[in-house]
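Participant: You'll find run00.tsv just under this line, and it carries TSV, C-alpha atoms.
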```tsv
chain	number	residue	atom	x	y	z
A	96	MET	CA	103.28	138.31	89.40
A	97	ALA	CA	101.63	135.88	87.00
A	98	PRO	CA	100.65	132.55	88.59
A	99	LYS	CA	102.74	129.48	87.91
A	100	GLN	CA	101.32	127.26	85.20
A	101	LEU	CA	100.49	123.58	85.65
A	102	LEU	CA	100.06	121.43	82.54
A	103	ILE	CA	97.94	118.29	82.94
A	104	ALA	CA	97.80	115.37	80.52
A	105	GLY	CA	94.49	113.55	80.85
A	106	GLY	CA	90.93	114.65	81.51
A	107	GLY	CA	89.63	111.75	83.59
A	108	ILE	CA	88.78	111.87	87.27
A	109	GLY	CA	92.42	112.23	88.33
A	110	GLY	CA	93.18	114.97	85.83
A	111	LEU	CA	90.09	117.01	86.70
A	112	ALA	CA	90.66	116.57	90.45
A	113	THR	CA	94.22	117.83	89.96
A	114	ALA	CA	93.04	120.80	87.91
A	115	LEU	CA	90.54	121.78	90.58
A	116	ALA	CA	92.90	121.31	93.51
A	117	ALA	CA	95.76	123.20	91.83
A	118	ALA	CA	93.53	126.08	90.73
A	119	ARG	CA	92.31	126.44	94.30
A	120	THR	CA	95.92	127.07	95.38
A	121	GLY	CA	96.37	129.88	92.84
A	122	TRP	CA	98.13	128.00	90.05
A	123	GLY	CA	97.06	128.52	86.46
A	124	VAL	CA	95.96	125.23	84.88
A	125	SER	CA	95.96	123.95	81.31
A	126	LEU	CA	94.46	120.49	80.90
A	127	PHE	CA	94.81	118.44	77.71
A	128	GLU	CA	92.33	115.68	76.91
A	129	ARG	CA	92.75	113.40	73.90
A	130	ALA	CA	89.00	112.91	73.35
A	131	PRO	CA	87.03	115.48	71.32
A	132	GLN	CA	84.63	115.95	74.23
A	133	PHE	CA	84.59	115.27	77.94
A	134	SER	CA	82.69	112.12	78.73
A	135	GLU	CA	82.89	109.29	81.24
A	136	VAL	CA	80.61	106.43	80.37
A	137	GLY	CA	79.86	103.02	81.72
A	138	ALA	CA	80.78	101.92	85.17
A	139	GLY	CA	80.11	103.02	88.70
A	140	ILE	CA	82.74	103.60	91.36
A	141	GLN	CA	82.87	103.42	95.14
A	142	LEU	CA	84.26	106.35	97.12
A	143	GLY	CA	85.34	105.69	100.69
A	144	PRO	CA	85.50	108.38	103.39
A	145	ASN	CA	89.13	109.06	102.48
A	146	ALA	CA	87.92	110.38	99.10
A	147	THR	CA	84.58	111.96	100.03
A	148	ARG	CA	86.28	113.89	102.83
A	149	ILE	CA	88.43	115.63	100.21
A	150	LEU	CA	85.44	116.37	97.99
A	151	GLN	CA	83.72	117.96	100.97
A	152	ARG	CA	86.81	120.05	101.66
A	153	TRP	CA	86.66	121.30	98.08
A	154	GLY	CA	83.05	122.40	98.62
A	155	LEU	CA	81.54	119.55	96.60
A	156	GLY	CA	79.67	117.73	99.36
A	157	GLY	CA	76.30	119.13	98.32
A	158	ALA	CA	76.84	118.34	94.64
A	159	LEU	CA	77.92	114.80	95.58
A	160	ALA	CA	74.76	114.31	97.65
A	161	GLU	CA	72.61	115.19	94.64
A	162	VAL	CA	74.00	112.48	92.35
A	163	ALA	CA	75.43	109.69	94.52
A	164	ALA	CA	73.94	106.90	96.60
A	165	PHE	CA	74.92	106.32	100.22
A	166	PRO	CA	74.37	102.63	101.05
A	167	GLU	CA	73.45	101.73	104.61
A	168	TYR	CA	75.73	98.71	104.74
A	169	LEU	CA	78.05	96.38	102.87
A	170	GLN	CA	77.46	92.65	102.97
A	171	VAL	CA	79.74	89.82	101.88
A	172	ARG	CA	78.13	86.63	100.59
A	173	ASN	CA	79.37	83.25	99.42
A	174	ALA	CA	78.79	83.18	95.65
A	175	SER	CA	78.12	79.43	95.61
A	176	SER	CA	75.74	79.07	98.55
A	177	GLY	CA	74.42	82.64	98.82
A	178	VAL	CA	75.08	82.62	102.58
A	179	VAL	CA	75.79	86.03	104.15
A	180	LEU	CA	79.28	85.88	105.66
A	181	GLY	CA	79.60	89.33	107.20
A	182	VAL	CA	78.22	92.87	107.30
A	183	LEU	CA	79.86	96.28	107.62
A	184	PRO	CA	77.54	99.16	108.56
A	185	LEU	CA	77.97	102.20	106.31
A	186	GLY	CA	75.52	105.12	106.22
A	187	GLU	CA	75.54	107.28	109.32
A	188	GLN	CA	77.77	104.90	111.25
A	189	ILE	CA	80.72	105.24	108.91
A	190	ARG	CA	80.07	108.97	108.55
A	191	ALA	CA	80.26	109.33	112.34
A	192	ARG	CA	83.37	107.14	112.58
A	193	TYR	CA	85.39	108.83	109.85
A	194	GLY	CA	83.78	112.24	109.40
A	195	ALA	CA	82.70	111.60	105.80
A	196	PRO	CA	80.29	109.26	104.01
A	197	TYR	CA	80.78	106.13	101.93
A	198	ALA	CA	79.34	106.90	98.50
A	199	THR	CA	78.61	104.90	95.37
A	200	ILE	CA	78.34	106.90	92.17
A	201	HIS	CA	78.16	106.62	88.40
A	202	ARG	CA	81.54	107.47	86.91
A	203	ALA	CA	79.92	110.01	84.58
A	204	ASP	CA	78.41	111.81	87.57
A	205	ILE	CA	81.66	112.26	89.52
A	206	HIS	CA	83.37	113.27	86.29
A	207	GLY	CA	80.66	115.87	85.57
A	208	LEU	CA	80.76	117.16	89.13
A	209	LEU	CA	84.52	117.77	88.91
A	210	LEU	CA	84.31	119.21	85.40
A	211	THR	CA	81.73	121.79	86.47
A	212	ALA	CA	83.90	122.81	89.41
A	213	VAL	CA	86.98	123.19	87.19
A	214	GLN	CA	85.08	125.28	84.66
A	215	GLN	CA	84.22	127.71	87.43
A	216	GLN	CA	87.92	128.35	88.09
A	217	THR	CA	88.95	131.43	86.09
A	218	GLU	CA	92.60	130.34	85.83
A	219	SER	CA	91.75	126.99	84.19
A	220	GLN	CA	91.91	126.21	80.47
A	221	LEU	CA	90.58	122.95	79.03
A	222	HIS	CA	91.89	121.72	75.68
A	223	LEU	CA	89.91	118.96	73.96
A	224	ASP	CA	91.08	116.73	71.12
A	225	GLN	CA	94.70	117.31	72.15
A	226	ASP	CA	96.67	114.17	72.97
A	227	VAL	CA	99.96	114.88	74.77
A	228	LEU	CA	102.66	113.08	72.79
A	229	LYS	CA	105.86	114.22	74.50
A	230	PHE	CA	107.35	116.77	76.85
A	231	ASN	CA	110.67	118.52	77.36
A	232	ASP	CA	112.08	119.34	80.80
A	233	ASP	CA	115.29	121.36	80.46
A	234	GLY	CA	115.72	121.81	84.19
A	235	ASN	CA	114.24	125.31	84.22
A	236	ARG	CA	111.06	125.17	82.20
A	237	LEU	CA	108.67	122.52	81.02
A	238	SER	CA	106.96	122.25	77.64
A	239	LEU	CA	104.72	119.71	75.96
A	240	SER	CA	103.63	118.90	72.42
A	241	THR	CA	100.31	117.44	71.29
A	242	ASP	CA	99.27	115.34	68.33
A	243	HIS	CA	97.72	118.40	66.65
A	244	GLY	CA	100.93	120.40	66.77
A	245	LEU	CA	100.17	122.47	69.85
A	246	ARG	CA	103.22	123.38	71.94
A	247	VAL	CA	102.70	124.82	75.42
A	248	GLU	CA	105.13	125.90	78.13
A	249	GLY	CA	104.54	125.69	81.86
A	250	ASP	CA	106.20	125.30	85.23
A	251	ALA	CA	105.20	121.69	85.87
A	252	LEU	CA	103.52	118.75	84.13
A	253	VAL	CA	101.25	116.14	85.67
A	254	GLY	CA	100.75	112.88	83.81
A	255	ALA	CA	97.20	111.80	84.68
A	256	ASP	CA	96.79	109.99	81.37
A	257	GLY	CA	95.93	106.54	82.65
A	258	VAL	CA	97.43	103.09	82.80
A	259	TRP	CA	98.94	103.42	79.28
A	260	SER	CA	100.41	106.85	80.09
A	261	ARG	CA	102.68	108.40	77.48
A	262	VAL	CA	104.01	110.81	80.10
A	263	ARG	CA	105.05	107.88	82.29
A	264	GLN	CA	106.70	106.11	79.38
A	265	GLN	CA	108.88	109.12	78.59
A	266	LEU	CA	109.58	109.96	82.24
A	267	LEU	CA	110.45	106.45	83.45
A	268	GLY	CA	111.02	104.49	80.25
A	269	ASP	CA	109.67	101.34	81.87
A	270	SER	CA	107.77	98.37	80.51
A	271	PRO	CA	104.08	98.36	79.57
A	272	PRO	CA	101.48	97.49	82.23
A	273	ARG	CA	101.20	93.82	83.03
A	274	VAL	CA	98.17	91.74	82.10
A	275	THR	CA	96.55	90.43	85.29
A	276	GLY	CA	94.58	87.54	83.82
A	277	HIS	CA	91.43	89.03	85.34
A	278	LEU	CA	88.45	90.10	83.26
A	279	ALA	CA	85.84	92.63	84.40
A	280	TYR	CA	82.30	92.38	83.03
A	281	ARG	CA	80.32	95.54	83.85
A	282	ALA	CA	76.66	96.47	83.50
A	283	MET	CA	74.52	99.43	84.56
A	284	LEU	CA	70.96	98.32	85.32
A	285	ARG	CA	67.70	100.14	85.93
A	286	GLN	CA	66.48	99.03	89.34
A	287	SER	CA	62.85	99.58	88.30
A	288	SER	CA	63.34	97.04	85.50
A	289	LEU	CA	64.65	94.36	87.86
A	290	PRO	CA	62.37	91.93	89.69
A	291	GLU	CA	61.69	93.41	93.13
A	292	LYS	CA	63.65	90.66	94.92
A	293	LEU	CA	66.80	91.59	92.98
A	294	ARG	CA	66.69	95.31	93.72
A	295	SER	CA	69.12	96.55	96.35
A	296	THR	CA	70.18	99.65	98.24
A	297	ARG	CA	73.34	98.11	99.69
A	298	VAL	CA	76.79	97.10	98.52
A	299	THR	CA	77.02	93.33	98.08
A	300	ALA	CA	80.22	91.42	97.36
A	301	TRP	CA	79.78	87.81	96.28
A	302	LEU	CA	82.97	85.73	96.66
A	303	GLY	CA	83.51	82.55	94.67
A	304	PRO	CA	86.32	80.38	93.33
A	305	ARG	CA	88.26	82.35	90.69
A	306	LEU	CA	85.58	85.07	90.55
A	307	HIS	CA	83.67	87.63	92.52
A	308	VAL	CA	80.72	89.95	91.88
A	309	VAL	CA	80.05	93.40	93.34
A	310	GLN	CA	76.72	95.21	93.05
A	311	TYR	CA	75.69	98.58	94.45
A	312	PRO	CA	73.25	101.43	93.82
A	313	VAL	CA	74.13	104.64	91.97
A	314	ARG	CA	72.23	107.81	91.07
A	315	GLY	CA	70.31	107.92	94.32
A	316	GLY	CA	69.47	104.23	94.03
A	317	GLU	CA	67.66	104.44	90.69
A	318	TRP	CA	70.34	102.39	88.96
A	319	MET	CA	72.49	99.46	90.01
A	320	ASN	CA	76.10	98.94	88.99
A	321	VAL	CA	77.14	95.29	88.65
A	322	VAL	CA	80.75	94.17	88.17
A	323	VAL	CA	81.73	90.53	87.64
A	324	ILE	CA	85.46	89.81	87.78
A	325	VAL	CA	86.65	86.40	86.65
A	326	GLN	CA	90.06	84.89	86.11
A	327	GLY	CA	90.84	83.67	82.63
A	328	THR	CA	91.71	84.70	79.10
A	329	PRO	CA	89.48	86.99	77.06
A	330	PRO	CA	87.18	85.40	74.48
A	331	GLU	CA	88.68	85.36	70.97
A	332	SER	CA	86.30	88.13	69.91
A	333	VAL	CA	87.89	90.57	72.38
A	334	SER	CA	90.68	92.66	70.87
A	335	GLY	CA	90.80	95.80	73.05
A	336	TRP	CA	90.44	97.07	76.59
A	337	ASP	CA	86.72	97.94	76.38
A	338	GLN	CA	84.44	95.68	74.38
A	339	VAL	CA	80.83	94.66	74.12
A	340	ALA	CA	80.58	91.33	75.96
A	341	HIS	CA	78.38	88.36	75.17
A	342	ALA	CA	76.09	87.22	77.96
A	343	ALA	CA	76.79	83.60	77.06
A	344	ASP	CA	80.51	84.05	77.79
A	345	LEU	CA	79.66	85.53	81.17
A	346	GLN	CA	77.18	82.78	82.01
A	347	ARG	CA	79.84	80.15	81.32
A	348	ALA	CA	82.32	82.03	83.50
A	349	MET	CA	79.82	82.15	86.37
A	350	GLY	CA	79.82	78.36	86.68
A	351	SER	CA	77.80	76.95	89.57
A	352	THR	CA	77.08	80.16	91.46
A	353	CYS	CA	73.91	80.46	93.55
A	354	GLU	CA	70.43	81.09	92.18
A	355	PRO	CA	70.06	84.74	93.32
A	356	LEU	CA	73.31	85.63	91.60
A	357	GLN	CA	72.43	83.71	88.46
A	358	SER	CA	69.06	85.48	88.40
A	359	LEU	CA	70.72	88.89	88.63
A	360	ILE	CA	73.01	88.10	85.71
A	361	ALA	CA	70.13	86.73	83.65
A	362	ALA	CA	67.98	89.81	84.35
A	363	ALA	CA	70.67	92.20	83.14
A	364	ALA	CA	69.57	92.12	79.50
A	365	GLU	CA	66.12	93.46	80.39
A	366	ALA	CA	67.32	96.00	82.95
A	367	SER	CA	70.33	97.40	81.13
A	368	VAL	CA	70.45	101.03	80.05
A	369	HIS	CA	72.35	99.98	76.93
A	370	ALA	CA	71.44	97.79	73.98
A	371	HIS	CA	74.19	95.39	75.08
A	372	ALA	CA	74.00	94.77	78.81
A	373	TRP	CA	77.62	93.80	79.43
A	374	ARG	CA	80.93	95.37	78.57
A	375	LEU	CA	84.25	93.67	79.10
A	376	TRP	CA	87.56	95.10	80.33
A	377	PRO	CA	90.68	92.90	80.50
A	378	LEU	CA	92.45	94.30	83.59
A	379	SER	CA	96.05	95.50	83.70
A	380	ASP	CA	98.14	96.82	86.58
A	381	ARG	CA	101.71	97.38	87.73
A	382	ALA	CA	103.77	96.17	90.64
A	383	PRO	CA	103.44	98.39	93.73
A	384	VAL	CA	105.36	101.67	93.61
A	385	SER	CA	108.91	101.02	94.83
A	386	GLY	CA	110.09	104.57	95.57
A	387	PRO	CA	109.36	108.29	95.21
A	388	GLY	CA	111.24	108.46	91.90
A	389	GLN	CA	108.42	106.50	90.30
A	390	MET	CA	105.95	109.32	91.00
A	391	ALA	CA	107.93	112.50	90.29
A	392	ARG	CA	111.18	113.59	88.65
A	393	GLY	CA	112.23	117.14	87.93
A	394	HIS	CA	109.26	119.21	86.80
A	395	VAL	CA	107.06	116.17	86.04
A	396	ALA	CA	104.78	114.17	88.35
A	397	LEU	CA	102.57	111.13	87.78
A	398	LEU	CA	99.15	110.71	89.33
A	399	GLY	CA	96.38	108.12	89.55
A	400	ASP	CA	96.60	105.16	87.17
A	401	ALA	CA	99.61	106.67	85.43
A	402	ALA	CA	101.52	106.36	88.71
A	403	HIS	CA	99.99	103.36	90.48
A	404	PRO	CA	97.41	101.37	88.48
A	405	MET	CA	95.85	98.84	90.80
A	406	ARG	CA	93.46	95.94	90.80
A	407	PRO	CA	89.92	96.82	91.89
A	408	TYR	CA	89.82	94.68	95.03
A	409	MET	CA	89.86	97.63	97.42
A	410	ALA	CA	87.68	99.91	95.25
A	411	GLN	CA	90.32	102.62	95.58
A	412	GLY	CA	91.38	103.55	92.03
A	413	ALA	CA	89.44	106.81	91.98
A	414	GLY	CA	89.99	107.40	95.70
A	415	MET	CA	93.77	107.24	95.35
A	416	ALA	CA	93.69	109.65	92.39
A	417	ILE	CA	91.64	112.14	94.41
A	418	GLU	CA	94.05	111.77	97.32
A	419	ASP	CA	96.98	112.32	94.94
A	420	ALA	CA	95.42	115.53	93.67
A	421	ALA	CA	94.89	116.91	97.18
A	422	VAL	CA	98.44	116.12	98.32
A	423	LEU	CA	99.92	117.47	95.09
A	424	ALA	CA	98.03	120.74	95.52
A	425	ASN	CA	99.41	121.11	99.04
A	426	ALA	CA	102.91	120.61	97.66
A	427	LEU	CA	102.37	123.06	94.80
A	428	ALA	CA	101.39	125.70	97.37
A	429	MET	CA	104.87	125.56	98.98
A	430	ASN	CA	105.93	128.87	97.42
A	431	ALA	CA	109.23	129.10	99.32
A	432	VAL	CA	110.83	126.22	97.38
A	433	ASP	CA	111.36	125.44	93.71
A	434	VAL	CA	108.99	123.30	91.66
A	435	PRO	CA	111.09	120.09	91.59
A	436	THR	CA	111.28	120.23	95.39
A	437	ARG	CA	107.51	120.64	95.59
A	438	LEU	CA	106.91	117.65	93.33
A	439	GLY	CA	109.49	115.69	95.31
A	440	ARG	CA	107.57	116.42	98.48
A	441	TYR	CA	104.39	115.14	96.79
A	442	SER	CA	106.03	111.87	95.77
A	443	LEU	CA	107.60	111.36	99.20
A	444	SER	CA	104.19	111.88	100.80
A	445	ARG	CA	102.37	109.50	98.48
A	446	TRP	CA	104.44	106.58	97.28
A	447	GLN	CA	104.32	104.35	100.37
A	448	ARG	CA	100.57	104.73	100.88
A	449	CYS	CA	99.87	104.06	97.20
A	450	ALA	CA	102.16	101.01	97.27
A	451	ARG	CA	100.33	99.70	100.34
A	452	VAL	CA	96.94	100.01	98.65
A	453	GLN	CA	98.29	98.36	95.48
A	454	ALA	CA	99.72	95.44	97.46
A	455	ARG	CA	96.59	95.05	99.55
A	456	SER	CA	94.46	95.06	96.39
A	457	ILE	CA	96.50	92.20	94.94
A	458	ARG	CA	96.20	90.26	98.21
A	459	ASN	CA	92.46	90.89	98.43
A	460	GLY	CA	92.01	89.51	94.93
A	461	GLN	CA	93.76	86.30	95.92
A	462	ILE	CA	91.53	86.00	98.99
A	463	PHE	CA	88.31	86.89	97.14
A	464	HIS	CA	88.97	84.27	94.44
A	465	SER	CA	90.36	81.52	96.67
A	466	ALA	CA	89.28	77.88	96.60
A	467	GLY	CA	89.64	74.84	98.83
A	468	LEU	CA	90.92	75.25	102.37
A	469	VAL	CA	91.88	78.87	101.84
A	470	ARG	CA	88.32	79.67	100.84
A	471	TRP	CA	86.97	77.82	103.87
A	472	GLY	CA	89.33	79.80	106.13
A	473	ARG	CA	88.30	83.06	104.48
A	474	ASP	CA	84.61	82.41	105.07
A	475	ALA	CA	85.20	81.35	108.67
A	476	SER	CA	87.27	84.46	109.37
A	477	ILE	CA	84.62	86.80	107.97
A	478	ARG	CA	81.89	85.03	109.96
A	479	LEU	CA	83.93	85.27	113.16
A	480	LEU	CA	85.33	88.79	112.87
A	481	GLY	CA	82.66	90.49	110.73
A	482	GLN	CA	83.04	94.24	110.92
A	483	ARG	CA	86.57	94.04	112.33
A	484	ILE	CA	87.84	92.33	109.19
A	485	LEU	CA	85.75	94.35	106.70
A	486	ASP	CA	86.51	97.83	108.01
A	487	VAL	CA	89.78	99.53	106.96
A	488	PRO	CA	90.63	102.22	109.53
A	489	TRP	CA	94.17	102.82	108.25
A	490	LEU	CA	92.70	103.72	104.86
A	491	TYR	CA	89.62	105.67	105.86
A	492	GLN	CA	90.70	107.67	108.89
A	493	PRO	CA	91.89	111.29	108.44
A	494	ALA	CA	95.62	111.82	108.04
A	495	SER	CA	97.25	112.86	111.28
```
Hey, can you dump this file as structure tokens for me?
Facilitator:
Amino acid sequence: MAPKQLLIAGGGIGGLATALAAARTGWGVSLFERAPQFSEVGAGIQLGPNATRILQRWGLGGALAEVAAFPEYLQVRNASSGVVLGVLPLGEQIRARYGAPYATIHRADIHGLLLTAVQQQTESQLHLDQDVLKFNDDGNRLSLSTDHGLRVEGDALVGADGVWSRVRQQLLGDSPPRVTGHLAYRAMLRQSSLPEKLRSTRVTAWLGPRLHVVQYPVRGGEWMNVVVIVQGTPPESVSGWDQVAHAADLQRAMGSTCEPLQSLIAAAAEASVHAHAWRLWPLSDRAPVSGPGQMARGHVALLGDAAHPMRPYMAQGAGMAIEDAAVLANALAMNAVDVPTRLGRYSLSRWQRCARVQARSIRNGQIFHSAGLVRWGRDASIRLLGQRILDVPWLYQPAS
């Protein structure tokens, strides 16, 4: 009997993770990517033990170790004074606690790692320069059409096509993503080009009024990823979701932050791997998932940012997509039931956890960017509770 066929819209981390996980269960996979070539540029990402555990299960632990960094600890600092508020040990301690490491990695590296693994699956087909425009689910069979006139039939469709997902729009018919009013400035810096005092092998989160900064090593520590998130409206020159940013705009947004942080921002131009150090993303999200019907209907499921786009204040966008892919694959392997039931099981298993992470991310952003008495209480709580408040056992521990 020929294997069932899974169609996937989107070739980002979520789409490739889904292709790999589904192929490992025996499904045939056809993935459609709108870009003419696979590429993931720009930013770094953090992968907690909940995500790296899955990568290890898929046999990718060794490949991850070759390209990622594994910081020894995370520290939280006050962005105005520079004072260290709290520390969470990572490294071997978090590996021992949760059975998997905490990794920081260039987005291109995790994308390439997954792509290589998918290409080794004989039942996988990758279609470039094919943007999925629409699908048809007649209750028995699923088909999709692309912008270049390709029409393909399959047994199920996964929309992993991002926050502006066309698959989601047709499936749910809901409103566009909401604008958060938060702007992310991102830079990838050569550590060797930074002054020695600014180099770092740890994750550092700087918390300030209406902004925060996160820095961490990638590519074995050779590079540093820096993300500055500020509240406000984009400069008039910004017209899209990914733009070259002007350092002067960022410097104004940084206000009266401490000298070490100001020095890091100022050094970015010399240490950047790109001609323009900073890129700017206006951030969008959606309200937390409200029920399983928002993640799967009939022969169609949504995954990653297409299902639950979230603010970056838990560093779980990629982690949730990888989790989605693993749970979806388990559901697809339920051969005794029909495909809509399998996808329904996936959505029932995922929607509450994803909603919790979305809600917690929104709350974290409010806490990170707080001012006045709330900010004072935040700093006091981190100083008092330290690791207890920074660790997230409900997120990182293995599913029971």
Participant: For the contact check between segment 358-467 of chain A and segment 198-210 of chain A, emit one row per residue of segment 358-467 of chain A within 12 Å, containing the shortest atom pair and the distance in Å rounded to one decimal, counting only C-alpha atoms, chain then rising number order, as a tab-separated table.
Facilitator:
```
residue	atom	partner	partner_atom	distance
A:Ala410	CA	A:Thr199	CA	10.4
A:Gln411	CA	A:Thr199	CA	11.9
A:Gly412	CA	A:Arg202	CA	11.8
A:Ala413	CA	A:Arg202	CA	9.4
A:Gly414	CA	A:Ala198	CA	11.0
A:Ile417	CA	A:Leu209	CA	10.6
```
Participant: Can you write out as JSON lines which residues of segment 171-273 of chain A fall within 10 Å of segment 463-480 of chain A, alongside each residue's closest atom pair and its distance in Å to one decimal, counting all atoms listed in the file and ordering rows by chain and ascending residue number?
Facilitator:
```
{"residue": "A:Val171", "atom": "CA", "partner": "A:Ile477", "partner_atom": "CA", "distance": 8.4}
{"residue": "A:Arg172", "atom": "CA", "partner": "A:Asp474", "partner_atom": "CA", "distance": 8.9}
{"residue": "A:Asn173", "atom": "CA", "partner": "A:Asp474", "partner_atom": "CA", "distance": 7.8}
{"residue": "A:Val178", "atom": "CA", "partner": "A:Asp474", "partner_atom": "CA", "distance": 9.9}
{"residue": "A:Val179", "atom": "CA", "partner": "A:Arg478", "partner_atom": "CA", "distance": 8.5}
{"residue": "A:Leu180", "atom": "CA", "partner": "A:Arg478", "partner_atom": "CA", "distance": 5.1}
{"residue": "A:Gly181", "atom": "CA", "partner": "A:Arg478", "partner_atom": "CA", "distance": 5.6}
{"residue": "A:Val182", "atom": "CA", "partner": "A:Ile477", "partner_atom": "CA", "distance": 8.8}
```
Participant: Show me, as a list in words, the residues that have an atom within 8 Å of Asn320 of chain A when counting all atoms listed in the file, minus same-chain residues fewer than 6 positions from it.
Facilitator: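 Neighbouring residues, sequence-local ones excluded: Ala138, Gly139, His201, Arg281, Ala282, Met283, Leu284, Gln310, Tyr311, Pro312 and Val313 of chain A.
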Participant: Considering only C-alpha atoms, can you say which of A:Leu398, A:Leu289, A:Val432, A:Leu423 comes closest to Val384 of chain A?
Facilitator: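 Ranked by minimum distance to Val384 of chain A, first place goes to A:Leu398.
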Participant: Edge lengths and centre in Å to one decimal, as JSON, of the axis-aligned box that encloses all listed atoms of segment 109-114 of chain A with 4 Å added on every side?
Facilitator:
```
{"center_x": 92.2, "center_y": 116.5, "center_z": 88.1, "size_x": 12.1, "size_y": 16.6, "size_z": 12.6}
```
Participant: If I take atom CA of His222 of chain A and atom CA of Leu375 of chain A, how far is one from the other in Å, to one decimal?
Facilitator: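 Going from atom CA of His222 of chain A over to atom CA of Leu375 of chain A covers 29.3 Å.
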Participant: For Tyr408 of chain A, find every residue with an atom within 6 Å (counting all atoms listed in the file), except residues of its own chain fewer than 3 positions away, and show them as a list in words.
Facilitator: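 Selected residues are Ser456, Asn459 and Gly460 of chain A.
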Participant: Go ahead and write the selection's residues with C-alpha atoms as an mmCIF file, keeping the file's coordinate frame.
Facilitator:
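New file out-v1.cif:
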```cif
data_model
loop_
_atom_site.group_PDB
_atom_site.id
_atom_site.type_symbol
_atom_site.label_atom_id
_atom_site.label_comp_id
_atom_site.auth_asym_id
_atom_site.auth_seq_id
_atom_site.Cartn_x
_atom_site.Cartn_y
_atom_site.Cartn_z
ATOM 1 C CA SER A 456 94.460 95.060 96.390
ATOM 2 C CA ASN A 459 92.460 90.890 98.430
ATOM 3 C CA GLY A 460 92.010 89.510 94.930
#
```
